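File shown: entry.cif (mmCIF, C-alpha atoms).
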```cif
data_data
#
loop_
_atom_site.label_atom_id
_atom_site.label_comp_id
_atom_site.auth_asym_id
_atom_site.auth_seq_id
_atom_site.Cartn_x
_atom_site.Cartn_y
_atom_site.Cartn_z
CA MET K 10 -137.31 39.38 74.60
CA SER K 11 -134.84 40.56 72.01
CA THR K 12 -131.85 38.45 71.00
CA THR K 13 -128.39 39.98 71.34
CA ARG K 14 -125.73 38.89 68.87
CA THR K 15 -122.02 39.46 69.22
CA SER K 16 -120.04 40.49 66.15
CA GLY K 17 -118.58 36.95 66.09
CA SER K 18 -121.91 35.29 65.28
CA PRO K 19 -123.58 36.90 62.26
CA THR K 20 -127.30 36.51 61.57
CA PRO K 21 -128.41 33.76 59.14
CA ARG K 22 -129.23 36.49 56.62
CA ALA K 23 -125.70 37.96 56.89
CA ASN K 24 -124.33 34.43 56.52
CA ALA K 25 -126.25 33.85 53.29
CA ARG K 26 -125.14 37.24 51.99
CA GLY K 27 -121.51 36.40 52.83
CA GLU K 28 -121.80 33.03 51.08
CA ARG K 29 -123.18 34.66 47.92
CA ALA K 30 -120.36 37.22 47.96
CA ARG K 31 -117.76 34.46 48.33
CA LEU K 32 -119.22 32.49 45.41
CA ARG K 33 -119.30 35.64 43.27
CA LEU K 34 -115.65 36.28 44.10
CA LEU K 35 -114.60 32.70 43.31
CA ASP K 36 -116.42 32.93 40.01
CA ALA K 37 -114.78 36.27 39.14
CA ALA K 38 -111.36 34.92 40.15
CA LEU K 39 -111.79 31.81 37.99
CA SER K 40 -112.61 33.88 34.89
CA ALA K 41 -109.74 36.28 35.51
CA PHE K 42 -107.16 33.53 36.17
CA ALA K 43 -108.32 31.63 33.08
CA THR K 44 -108.00 34.70 30.84
CA GLN K 45 -104.97 36.55 32.24
CA GLY K 46 -103.27 33.91 34.36
CA PHE K 47 -102.83 34.09 38.14
CA HIS K 48 -99.82 36.43 37.99
CA GLY K 49 -101.50 38.67 35.43
CA THR K 50 -104.57 39.19 37.64
CA SER K 51 -104.78 41.77 40.43
CA THR K 52 -107.13 41.66 43.41
CA ARG K 53 -108.58 44.86 41.95
CA ASP K 54 -109.47 43.01 38.68
CA ILE K 55 -111.34 40.38 40.69
CA ALA K 56 -113.13 42.98 42.81
CA GLU K 57 -114.25 44.86 39.69
CA ALA K 58 -115.49 41.70 37.97
CA ALA K 59 -117.50 40.84 41.10
CA ALA K 60 -118.77 44.44 41.37
CA MET K 61 -117.21 44.83 44.82
CA SER K 62 -114.57 47.12 46.34
CA PRO K 63 -111.05 45.69 46.93
CA ALA K 64 -111.65 46.26 50.67
CA ALA K 65 -114.76 44.06 50.47
CA VAL K 66 -112.69 41.29 48.85
CA TYR K 67 -110.32 41.22 51.84
CA VAL K 68 -113.26 40.60 54.20
CA HIS K 69 -113.71 37.21 52.49
CA TYR K 70 -110.26 36.27 51.15
CA ARG K 71 -107.08 37.67 52.62
CA THR K 72 -105.04 37.23 49.44
CA LYS K 73 -105.36 36.45 45.74
CA GLU K 74 -103.56 33.17 46.45
CA GLU K 75 -106.29 32.23 48.96
CA LEU K 76 -108.81 32.53 46.10
CA LEU K 77 -106.67 30.29 43.88
CA PHE K 78 -106.31 27.78 46.70
CA GLN K 79 -110.07 27.63 47.35
CA LEU K 80 -110.72 27.17 43.62
CA SER K 81 -108.08 24.42 43.47
CA LEU K 82 -109.41 22.68 46.56
CA HIS K 83 -113.00 22.77 45.34
CA GLY K 84 -112.03 21.57 41.84
CA HIS K 85 -109.75 18.76 42.98
CA ARG K 86 -112.39 17.50 45.44
CA GLU K 87 -114.88 17.49 42.59
CA ILE K 88 -112.50 15.42 40.43
CA ARG K 89 -111.88 13.03 43.32
CA ARG K 90 -115.65 12.57 43.69
CA VAL K 91 -115.96 11.81 39.96
CA VAL K 92 -113.23 9.16 40.31
CA GLU K 93 -114.73 7.66 43.48
CA THR K 94 -118.18 7.47 41.89
CA ALA K 95 -116.79 5.75 38.79
CA LEU K 96 -114.86 3.22 40.88
CA GLY K 97 -117.85 2.59 43.14
CA ARG K 98 -119.82 0.93 40.34
CA PRO K 99 -120.14 -2.84 40.81
CA GLU K 100 -118.49 -3.80 37.51
CA PRO K 101 -115.67 -6.09 36.43
CA PRO K 102 -112.18 -4.46 36.10
CA ALA K 103 -112.26 -3.67 32.34
CA ALA K 104 -115.66 -1.96 32.44
CA ARG K 105 -114.65 -0.08 35.58
CA LEU K 106 -111.43 1.27 34.06
CA ARG K 107 -113.25 2.24 30.88
CA GLY K 108 -115.91 4.08 32.92
CA LEU K 109 -113.27 5.75 35.08
CA VAL K 110 -111.33 7.16 32.13
CA ALA K 111 -114.56 8.13 30.32
CA ASP K 112 -115.90 10.09 33.31
CA TYR K 113 -112.54 11.66 34.17
CA THR K 114 -112.03 12.78 30.57
CA ALA K 115 -115.60 14.06 30.13
CA TRP K 116 -115.21 16.11 33.33
CA HIS K 117 -112.07 17.78 31.91
CA ALA K 118 -113.92 18.62 28.69
CA ARG K 119 -117.05 19.89 30.46
CA SER K 120 -115.09 21.89 33.07
CA HIS K 121 -112.26 22.89 30.72
CA VAL K 122 -111.90 26.48 31.99
CA GLN K 123 -111.76 25.38 35.62
CA ALA K 124 -109.46 22.46 34.76
CA ARG K 125 -106.94 24.70 32.98
CA VAL K 126 -106.66 26.95 36.04
CA LEU K 127 -106.28 23.92 38.36
CA GLN K 128 -103.58 22.37 36.22
CA TYR K 129 -101.61 25.31 34.92
CA GLU K 130 -101.57 27.53 38.04
CA PHE K 131 -100.57 24.80 40.49
CA ALA K 132 -97.08 26.31 40.76
CA ALA K 133 -98.54 29.61 42.03
CA LEU K 134 -99.86 28.02 45.26
CA LEU K 135 -98.09 28.58 48.59
CA PRO K 136 -96.11 25.50 49.69
CA GLU K 137 -98.60 24.49 52.43
CA HIS K 138 -101.52 24.80 49.98
CA ALA K 139 -99.67 23.00 47.19
CA GLU K 140 -99.08 20.16 49.66
CA GLN K 141 -102.83 19.79 50.38
CA ILE K 142 -103.64 19.76 46.66
CA ALA K 143 -100.80 17.34 45.93
CA ALA K 144 -102.30 14.98 48.55
CA ILE K 145 -105.64 14.93 46.68
CA ARG K 146 -103.81 14.40 43.38
CA GLY K 147 -101.89 11.56 44.98
CA ALA K 148 -105.18 9.96 46.09
CA ILE K 149 -106.59 10.27 42.55
CA GLU K 150 -103.43 8.77 41.05
CA ALA K 151 -103.55 5.91 43.59
CA MET K 152 -107.15 5.16 42.56
CA PHE K 153 -106.12 5.01 38.88
CA GLN K 154 -103.23 2.68 39.77
CA GLY K 155 -105.60 0.54 41.81
CA ALA K 156 -108.04 0.22 38.91
CA ILE K 157 -105.18 -0.85 36.61
CA THR K 158 -103.76 -3.28 39.16
CA ASP K 159 -107.21 -4.89 39.59
CA GLY K 160 -107.19 -5.74 35.88
CA VAL K 161 -103.62 -7.04 36.04
CA ASP K 162 -104.51 -9.26 39.02
CA ALA K 163 -107.59 -10.53 37.19
CA GLY K 164 -105.30 -11.50 34.29
CA ILE K 165 -107.06 -9.29 31.73
CA PHE K 166 -104.53 -6.39 31.54
CA ARG K 167 -100.94 -6.85 30.38
CA ILE K 168 -98.65 -3.96 31.28
CA ASP K 169 -95.05 -3.39 32.33
CA ASP K 170 -95.31 -0.25 34.41
CA VAL K 171 -98.47 0.55 36.37
CA LYS K 172 -97.28 4.02 37.36
CA MET K 173 -96.38 5.13 33.80
CA THR K 174 -99.61 3.67 32.43
CA SER K 175 -101.63 5.51 35.05
CA LEU K 176 -99.78 8.77 34.25
CA ALA K 177 -100.58 8.30 30.56
CA LEU K 178 -104.30 7.77 31.23
CA LEU K 179 -104.43 10.83 33.52
CA SER K 180 -102.62 12.86 30.82
CA LEU K 181 -105.17 11.87 28.19
CA GLY K 182 -107.98 13.29 30.31
CA ILE K 183 -106.18 16.39 31.57
CA ASP K 184 -104.94 17.49 28.15
CA VAL K 185 -108.51 17.53 26.80
CA ALA K 186 -109.02 20.70 28.89
CA ARG K 187 -106.28 22.38 26.82
CA TRP K 188 -107.84 21.82 23.39
CA PHE K 189 -111.56 21.31 24.07
CA ARG K 190 -113.93 24.06 22.99
CA PRO K 191 -117.74 23.83 23.33
CA GLY K 192 -119.57 23.50 20.03
CA GLY K 193 -116.81 21.33 18.51
CA ALA K 194 -117.44 18.15 16.54
CA ARG K 195 -117.62 15.92 19.65
CA SER K 196 -119.41 16.29 22.99
CA PRO K 197 -117.62 15.75 26.33
CA ASP K 198 -119.32 12.35 26.68
CA GLU K 199 -118.31 11.25 23.16
CA ILE K 200 -114.69 12.19 23.83
CA GLY K 201 -114.89 10.44 27.21
CA ASN K 202 -116.26 7.25 25.69
CA TYR K 203 -113.62 7.17 22.97
CA TYR K 204 -110.85 7.68 25.53
CA GLY K 205 -112.38 4.95 27.72
CA GLU K 206 -111.88 2.50 24.82
CA ILE K 207 -108.35 3.82 24.28
CA ALA K 208 -107.61 3.19 27.98
CA LEU K 209 -108.50 -0.51 27.59
CA ARG K 210 -106.17 -0.80 24.63
CA VAL K 211 -103.37 0.92 26.54
CA CYS K 212 -103.82 -1.75 29.22
CA GLY K 213 -103.53 -4.51 26.65
CA HIS K 214 -107.24 -5.40 26.65
CA PRO K 215 -108.83 -5.93 23.22
CA GLY K 216 -111.75 -3.57 24.04
CA ASP K 217 -114.71 -3.04 21.73
CA LEU K 218 -113.47 -0.26 19.45
CA MET I 10 -60.35 53.04 -0.10
CA SER I 11 -62.73 53.22 2.84
CA THR I 12 -66.17 51.61 2.73
CA THR I 13 -69.17 53.78 3.49
CA ARG I 14 -72.13 52.15 5.23
CA THR I 15 -75.62 53.58 5.48
CA SER I 16 -77.51 53.23 8.76
CA GLY I 17 -79.62 50.52 7.08
CA SER I 18 -76.70 48.11 6.70
CA PRO I 19 -74.94 47.54 10.01
CA THR I 20 -71.42 46.12 10.17
CA PRO I 21 -71.05 42.36 10.65
CA ARG I 22 -69.84 43.02 14.19
CA ALA I 23 -72.99 45.08 15.00
CA ASN I 24 -75.07 42.28 13.45
CA ALA I 25 -73.49 39.67 15.69
CA ARG I 26 -73.97 41.92 18.72
CA GLY I 27 -77.64 42.42 17.79
CA GLU I 28 -78.14 38.66 17.37
CA ARG I 29 -76.63 37.98 20.79
CA ALA I 30 -78.90 40.61 22.37
CA ARG I 31 -81.95 39.08 20.69
CA LEU I 32 -81.09 35.59 21.94
CA ARG I 33 -80.51 36.95 25.46
CA LEU I 34 -83.92 38.63 25.35
CA LEU I 35 -85.70 35.51 24.09
CA ASP I 36 -84.05 33.50 26.83
CA ALA I 37 -85.07 36.04 29.51
CA ALA I 38 -88.63 36.18 28.13
CA LEU I 39 -88.93 32.38 28.15
CA SER I 40 -87.91 32.16 31.83
CA ALA I 41 -90.22 35.01 32.83
CA PHE I 42 -93.24 33.66 30.91
CA ALA I 43 -92.66 30.18 32.35
CA THR I 44 -92.50 31.49 35.92
CA GLN I 45 -95.02 34.34 35.98
CA GLY I 46 -97.08 33.72 32.85
CA PHE I 47 -97.24 36.05 29.84
CA HIS I 48 -99.74 38.44 31.45
CA GLY I 49 -97.82 38.51 34.72
CA THR I 50 -94.58 39.55 32.99
CA SER I 51 -93.70 43.15 32.08
CA THR I 52 -91.24 44.25 29.42
CA ARG I 53 -89.28 45.75 32.33
CA ASP I 54 -88.97 42.26 33.95
CA ILE I 55 -87.54 40.90 30.72
CA ALA I 56 -85.16 43.82 30.29
CA GLU I 57 -83.88 43.38 33.85
CA ALA I 58 -83.39 39.64 33.46
CA ALA I 59 -81.40 40.29 30.26
CA ALA I 60 -79.44 43.12 31.96
CA MET I 61 -80.68 45.66 29.40
CA SER I 62 -82.73 48.86 29.57
CA PRO I 63 -86.42 48.70 28.52
CA ALA I 64 -85.51 51.13 25.71
CA ALA I 65 -82.89 48.65 24.45
CA VAL I 66 -85.55 45.90 24.36
CA TYR I 67 -87.70 47.98 22.00
CA VAL I 68 -84.82 48.21 19.53
CA HIS I 69 -85.11 44.43 19.03
CA TYR I 70 -88.75 43.60 19.82
CA ARG I 71 -91.52 46.16 19.58
CA THR I 72 -93.79 44.44 22.09
CA LYS I 73 -93.85 41.70 24.70
CA GLU I 74 -96.21 39.79 22.40
CA GLU I 75 -93.57 39.90 19.64
CA LEU I 76 -91.21 38.07 22.01
CA LEU I 77 -93.88 35.43 22.74
CA PHE I 78 -94.55 35.03 19.03
CA GLN I 79 -90.86 34.55 18.18
CA LEU I 80 -90.54 31.97 20.98
CA SER I 81 -93.66 30.18 19.72
CA LEU I 82 -92.52 30.23 16.13
CA HIS I 83 -89.07 28.93 16.97
CA GLY I 84 -90.46 26.22 19.26
CA HIS I 85 -93.15 25.01 16.88
CA ARG I 86 -90.67 24.85 14.00
CA GLU I 87 -88.39 22.78 16.20
CA ILE I 88 -91.25 20.36 16.99
CA ARG I 89 -92.16 20.15 13.30
CA ARG I 90 -88.54 19.27 12.50
CA VAL I 91 -88.59 16.51 15.15
CA VAL I 92 -91.76 15.09 13.56
CA GLU I 93 -90.38 15.35 10.00
CA THR I 94 -87.14 13.65 11.00
CA ALA I 95 -89.02 10.79 12.70
CA LEU I 96 -91.25 10.29 9.67
CA GLY I 97 -88.33 10.48 7.27
CA ARG I 98 -86.88 7.20 8.54
CA PRO I 99 -87.26 4.35 6.05
CA GLU I 100 -89.25 2.05 8.34
CA PRO I 101 -92.52 0.14 8.15
CA PRO I 102 -95.64 1.94 9.52
CA ALA I 103 -95.64 0.47 13.07
CA ALA I 104 -91.98 1.26 13.75
CA ARG I 105 -92.42 4.71 12.23
CA LEU I 106 -95.41 5.58 14.45
CA ARG I 107 -93.62 4.25 17.52
CA GLY I 108 -90.55 6.35 16.70
CA LEU I 109 -92.68 9.41 15.98
CA VAL I 110 -94.48 9.29 19.34
CA ALA I 111 -91.25 8.43 21.18
CA ASP I 112 -89.38 11.43 19.71
CA TYR I 113 -92.31 13.82 20.06
CA THR I 114 -92.81 12.83 23.72
CA ALA I 115 -89.10 12.93 24.56
CA TRP I 116 -88.90 16.45 23.08
CA HIS I 117 -91.72 17.62 25.37
CA ALA I 118 -89.94 16.14 28.41
CA ARG I 119 -86.54 17.55 27.46
CA SER I 120 -87.91 21.00 26.52
CA HIS I 121 -90.63 21.05 29.19
CA VAL I 122 -90.22 24.72 30.16
CA GLN I 123 -90.35 25.88 26.54
CA ALA I 124 -93.22 23.48 25.78
CA ARG I 125 -95.35 24.80 28.65
CA VAL I 126 -95.01 28.37 27.38
CA LEU I 127 -95.82 27.29 23.79
CA GLN I 128 -98.91 25.37 24.86
CA TYR I 129 -100.32 27.41 27.71
CA GLU I 130 -99.76 30.94 26.35
CA PHE I 131 -101.11 30.29 22.86
CA ALA I 132 -104.24 32.35 23.68
CA ALA I 133 -102.10 35.44 24.37
CA LEU I 134 -100.90 35.68 20.73
CA LEU I 135 -102.31 38.33 18.39
CA PRO I 136 -104.79 36.84 15.88
CA GLU I 137 -102.39 37.06 12.90
CA HIS I 138 -99.62 35.40 14.93
CA ALA I 139 -101.96 32.74 16.35
CA GLU I 140 -102.92 31.93 12.76
CA GLN I 141 -99.30 31.31 11.75
CA ILE I 142 -98.73 29.05 14.76
CA ALA I 143 -102.03 27.24 14.18
CA ALA I 144 -100.85 26.49 10.63
CA ILE I 145 -97.71 24.77 11.94
CA ARG I 146 -99.78 22.86 14.50
CA GLY I 147 -102.11 21.82 11.69
CA ALA I 148 -99.15 20.51 9.70
CA ILE I 149 -97.91 18.52 12.71
CA GLU I 150 -101.38 17.07 13.29
CA ALA I 151 -101.67 16.16 9.61
CA MET I 152 -98.35 14.28 9.81
CA PHE I 153 -99.61 12.31 12.86
CA GLN I 154 -102.83 11.48 11.00
CA GLY I 155 -100.80 10.42 7.95
CA ALA I 156 -98.64 8.08 10.03
CA ILE I 157 -101.78 6.50 11.53
CA THR I 158 -103.49 6.20 8.14
CA ASP I 159 -100.40 4.48 6.69
CA GLY I 160 -100.81 1.74 9.28
CA VAL I 161 -104.54 1.46 8.64
CA ASP I 162 -103.91 1.17 4.90
CA ALA I 163 -101.26 -1.48 5.52
CA GLY I 164 -103.84 -3.45 7.51
CA ILE I 165 -101.85 -3.40 10.77
CA PHE I 166 -103.77 -0.69 12.70
CA ARG I 167 -107.45 -1.01 13.62
CA ILE I 168 -109.08 2.26 14.63
CA ASP I 169 -112.44 3.99 14.25
CA ASP I 170 -111.46 7.64 14.28
CA VAL I 171 -108.09 8.77 12.90
CA LYS I 172 -108.55 12.37 14.08
CA MET I 173 -109.41 11.46 17.69
CA THR I 174 -106.62 8.89 17.84
CA SER I 175 -104.14 11.44 16.57
CA LEU I 176 -105.36 14.00 19.16
CA ALA I 177 -104.89 11.41 21.91
CA LEU I 178 -101.30 10.64 20.84
CA LEU I 179 -100.46 14.35 20.63
CA SER I 180 -101.99 14.85 24.10
CA LEU I 181 -99.85 12.10 25.59
CA GLY I 182 -96.70 13.88 24.44
CA ILE I 183 -97.79 17.43 25.22
CA ASP I 184 -98.98 16.67 28.76
CA VAL I 185 -95.57 15.25 29.68
CA ALA I 186 -94.34 18.88 29.68
CA ARG I 187 -96.81 19.61 32.50
CA TRP I 188 -95.58 16.95 34.93
CA PHE I 189 -91.99 16.20 33.87
CA ARG I 190 -89.20 17.37 36.16
CA PRO I 191 -85.50 16.64 35.53
CA GLY I 192 -83.99 14.18 37.95
CA GLY I 193 -87.19 12.11 38.17
CA ALA I 194 -87.32 8.33 37.98
CA ARG I 195 -87.37 8.22 34.17
CA SER I 196 -85.35 10.04 31.50
CA PRO I 197 -87.01 11.81 28.55
CA ASP I 198 -85.98 8.91 26.27
CA GLU I 199 -87.38 6.27 28.63
CA ILE I 200 -90.72 8.09 28.81
CA GLY I 201 -90.68 8.53 25.04
CA ASN I 202 -90.01 4.83 24.43
CA TYR I 203 -92.78 3.76 26.80
CA TYR I 204 -95.24 6.13 25.12
CA GLY I 205 -94.15 4.85 21.70
CA GLU I 206 -95.28 1.37 22.76
CA ILE I 207 -98.51 2.81 24.16
CA ALA I 208 -99.14 4.48 20.78
CA LEU I 209 -99.00 1.11 19.00
CA ARG I 210 -101.51 -0.32 21.45
CA VAL I 211 -103.82 2.68 20.98
CA CYS I 212 -103.72 1.92 17.23
CA GLY I 213 -104.69 -1.70 17.85
CA HIS I 214 -101.22 -3.10 17.13
CA PRO I 215 -99.96 -5.77 19.57
CA GLY I 216 -96.60 -3.96 20.02
CA ASP I 217 -93.71 -5.40 22.05
CA LEU I 218 -94.56 -4.18 25.57
#
```

Starting from the file, lay out its structure as structure tokens.
Amino acid sequence: MSTTRTSGSPTPRANARGERARLRLLDAALSAFATQGFHGTSTRDIAEAAAMSPAAVYVHYRTKEELLFQLSLHGHREIRRVVETALGRPEPPAARLRGLVADYTAWHARSHVQARVLQYEFAALLPEHAEQIAAIRGAIEAMFQGAITDGVDAGIFRIDDVKMTSLALLSLGIDVARWFRPGGARSPDEIGNYYGEIALRVCGHPGDL
Amino acid sequence: MSTTRTSGSPTPRANARGERARLRLLDAALSAFATQGFHGTSTRDIAEAAAMSPAAVYVHYRTKEELLFQLSLHGHREIRRVVETALGRPEPPAARLRGLVADYTAWHARSHVQARVLQYEFAALLPEHAEQIAAIRGAIEAMFQGAITDGVDAGIFRIDDVKMTSLALLSLGIDVARWFRPGGARSPDEIGNYYGEIALRVCGHPGDL
């Protein structure tokens, strides 16, 4: 007995093909946005880089902004996972904050191309998409503030303004994506570790530097 | 006796008119680059925003890149002046570093639109222009390193890596341009002062926080 499929339920093979096409498009969009900026990139540029026709792009992503949103969503979820993993380690507050800043910073060095698009093209998102991304950013910021507050409550951090301190530590990591280039004098992990020590100092902990 | 002028020496009035047109164009280019990115902006967009014809733009700036370069040059010279002024104060090393980071950070908050274009469109400059800007950036970085080294030599800063520490302090200031919005909870000077205290901590100085 043969199986009949409606057009609404593609075969597993068509599914896998569609998934590969979507990944190829996301990859092409990331390179194009990183090089020419979101506004300087056309859907045609992305289609060409992915070796597809513009019509084929629309099958998977209705607009160029949808591609940016999916890249942003994927990237911000990845960062949130890095932060959650760092905070999930059973360590005392100082070691946890140091590990958090080290991992967050190393991610921004390692994924510097992706990070630049996430950070610098945020303003190009549609309001409803920007809101979803802002919610993930808010969760990440809250986790940084929590890690700082833990140290304050434990009496080992001395700071005046948890929010400003958290912003400063996030800035340290994010700005690495702007200047980092592979093959430089320091690896992502070395930069991360140095910034982890800096984070302890910023929180008024003597650290081990 | 009447004065004869060749076409190579315009009248003072024509000079002033030309200067006003150039400033209007730089201003229009800055807004367009900040909103749509360098690659997403056409010379026509800039001409329209400055209420001029594209042909009139070419009289003053041969290319869109020339406009970006002039904006970058002007902005980086302004930052260098801020740094030189801060370091010119007759103060001991800790107060000087704190003032340097405070002024540098406050500038990036106050001039956040300009700063974002300077930082995020650097890659769009022609190689010979990028080289000139990189030289000014190098001078600024050297002044930060000098201010840190002064404190190390005076025995009041304890750090392992002057270059990395200087990069971190520059990052703190630069990244403020990414998130700062006027009308927020803190003024540019308040953010600058907080970051000045953070800088002392990063250098292993107890500070006054």

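The shortest atom-to-atom distance to I:Ala177, with all atoms listed in the file taken into account, belongs to K:Thr114 out of K:Thr114, K:Gln123, K:Thr158, K:Gln128.
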
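Of the listed residues (K:Arg210, K:Arg167, K:His121, K:His85), K:His85 comes nearest to K:Ile149; the distances count all atoms listed in the file.
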
Exercise answer, chain I residues close to chain K, 6 Å and all atoms listed in the file, as JSON, numbers by chain
{"I": [45, 48, 49, 180, 181, 184, 207, 210, 211]}

As lines of an AutoDock Vina configuration file, please: the centre and edge lengths in Å, to one decimal, of an axis-aligned box enclosing every listed atom of stretch 185-199 of chain I with 5 Å added on each side.
```
center_x = -90.4
center_y = 12.9
center_z = 32.2
size_x = 22.8
size_y = 23.3
size_z = 21.9
```

Where does the PyMOL selection byres ((chain K and resi 150) around 12) land in this file, that is, which residues does it pick, as a PyMOL selection string?
chain K and resi 85+88-89+92-93+109+113+143-149+151-157+171-180

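Proximity to I:Pro136 was assessed for I:Ala104, I:Glu74, I:Val161, I:Val68 counting only C-alpha atoms; the smallest distance is recorded for I:Glu74.
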
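Considering the residues I:Leu34, I:Leu135, I:His69, I:His117 and counting all atoms listed in the file, I:Asp54 has its shortest atom-to-atom contact with I:Leu34.
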
Computed interatomic separation between atom CA of I:Arg22 and atom CA of I:Glu87 (Å)
27.5 Å

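For I:Asp198, the list of residues within 8 Å, based on all atoms listed in the file and with local chain neighbours fewer than 2 positions off taken out, reads I:Ala111, I:Asp112, I:Ala115, I:Ser196, I:Ile200, I:Gly201, I:Asn202.
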
Export of the given selection (C-alpha atoms) as a PDB file, keeping the file's coordinate frame:
```pdb
ATOM      1  CA  ALA I 111     -91.250   8.430  21.180  1.00  0.00           C
ATOM      2  CA  ASP I 112     -89.380  11.430  19.710  1.00  0.00           C
ATOM      3  CA  ALA I 115     -89.100  12.930  24.560  1.00  0.00           C
ATOM      4  CA  SER I 196     -85.350  10.040  31.500  1.00  0.00           C
ATOM      5  CA  ILE I 200     -90.720   8.090  28.810  1.00  0.00           C
ATOM      6  CA  GLY I 201     -90.680   8.530  25.040  1.00  0.00           C
ATOM      7  CA  ASN I 202     -90.010   4.830  24.430  1.00  0.00           C
TER       8      ASN I 202
END
```

Here is a test: counting all atoms listed in the file, which residue of K:Gly164, K:Asp159, K:Ser120, K:Gly97 is nearest to K:Pro197?
K:Ser120

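Closest approach to I:Arg71 among I:Gly193, I:Thr52, I:Arg29, I:Ile165 is made by I:Thr52 (distances from only C-alpha atoms).
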
What does the structure give for the distance between atom CA of K:Tyr70 and atom CA of K:Val126, in Å to one decimal?
18.1 Å

So that I can check the surroundings of K:Ala60, please list as a PyMOL selection string every protein, DNA and RNA residue that reaches within 12 Å of it, counting all atoms listed in the file and ignoring chain neighbours fewer than 5 positions away.
chain K and resi 30+33-34+36-37+53-55+65-66

Computed gap from atom CA of I:His138 to atom CA of K:Arg190 is 20.0 Å

Because the input lacks atoms here, generate all heavy atoms for stretch 150-154 of chain K and report them as a PDB file, in the coordinates of the input.
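Writing the result to part31.pdb gives the following:
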```
ATOM      1  N   GLU K 150    -104.382   9.618  41.773  1.00  0.00           N
ATOM      2  CA  GLU K 150    -103.430   8.770  41.050  1.00  0.00           C
ATOM      3  C   GLU K 150    -103.456   7.349  41.629  1.00  0.00           C
ATOM      4  O   GLU K 150    -103.431   6.370  40.863  1.00  0.00           O
ATOM      5  CB  GLU K 150    -102.028   9.373  41.163  1.00  0.00           C
ATOM      6  CG  GLU K 150    -101.152   9.042  39.970  1.00  0.00           C
ATOM      7  CD  GLU K 150     -99.747   9.623  40.105  1.00  0.00           C
ATOM      8  OE1 GLU K 150     -99.608  10.811  40.478  1.00  0.00           O
ATOM      9  OE2 GLU K 150     -98.791   8.858  39.840  1.00  0.00           O
ATOM     10  N   ALA K 151    -103.529   7.238  42.956  1.00  0.00           N
ATOM     11  CA  ALA K 151    -103.550   5.910  43.590  1.00  0.00           C
ATOM     12  C   ALA K 151    -104.803   5.140  43.148  1.00  0.00           C
ATOM     13  O   ALA K 151    -104.737   3.916  42.935  1.00  0.00           O
ATOM     14  CB  ALA K 151    -103.510   6.051  45.107  1.00  0.00           C
ATOM     15  N   MET K 152    -105.929   5.852  42.998  1.00  0.00           N
ATOM     16  CA  MET K 152    -107.150   5.160  42.560  1.00  0.00           C
ATOM     17  C   MET K 152    -107.021   4.674  41.114  1.00  0.00           C
ATOM     18  O   MET K 152    -107.479   3.582  40.775  1.00  0.00           O
ATOM     19  CB  MET K 152    -108.359   6.080  42.738  1.00  0.00           C
ATOM     20  CG  MET K 152    -108.729   6.237  44.226  1.00  0.00           C
ATOM     21  SD  MET K 152    -110.316   7.078  44.502  1.00  0.00           S
ATOM     22  CE  MET K 152    -109.852   8.796  44.319  1.00  0.00           C
ATOM     23  N   PHE K 153    -106.376   5.464  40.250  1.00  0.00           N
ATOM     24  CA  PHE K 153    -106.120   5.010  38.880  1.00  0.00           C
ATOM     25  C   PHE K 153    -105.217   3.761  38.902  1.00  0.00           C
ATOM     26  O   PHE K 153    -105.475   2.786  38.207  1.00  0.00           O
ATOM     27  CB  PHE K 153    -105.446   6.115  38.052  1.00  0.00           C
ATOM     28  CG  PHE K 153    -106.409   6.980  37.285  1.00  0.00           C
ATOM     29  CD1 PHE K 153    -107.204   7.923  37.916  1.00  0.00           C
ATOM     30  CD2 PHE K 153    -106.541   6.847  35.899  1.00  0.00           C
ATOM     31  CE1 PHE K 153    -108.100   8.721  37.204  1.00  0.00           C
ATOM     32  CE2 PHE K 153    -107.439   7.631  35.175  1.00  0.00           C
ATOM     33  CZ  PHE K 153    -108.213   8.571  35.832  1.00  0.00           C
ATOM     34  N   GLN K 154    -104.153   3.830  39.697  1.00  0.00           N
ATOM     35  CA  GLN K 154    -103.230   2.680  39.770  1.00  0.00           C
ATOM     36  C   GLN K 154    -103.951   1.445  40.278  1.00  0.00           C
ATOM     37  O   GLN K 154    -103.721   0.337  39.805  1.00  0.00           O
ATOM     38  CB  GLN K 154    -102.029   3.038  40.646  1.00  0.00           C
ATOM     39  CG  GLN K 154    -101.128   4.096  40.012  1.00  0.00           C
ATOM     40  CD  GLN K 154     -99.882   4.399  40.840  1.00  0.00           C
ATOM     41  OE1 GLN K 154     -99.503   3.622  41.704  1.00  0.00           O
ATOM     42  NE2 GLN K 154     -99.248   5.524  40.564  1.00  0.00           N
TER      43      GLN K 154
END
```
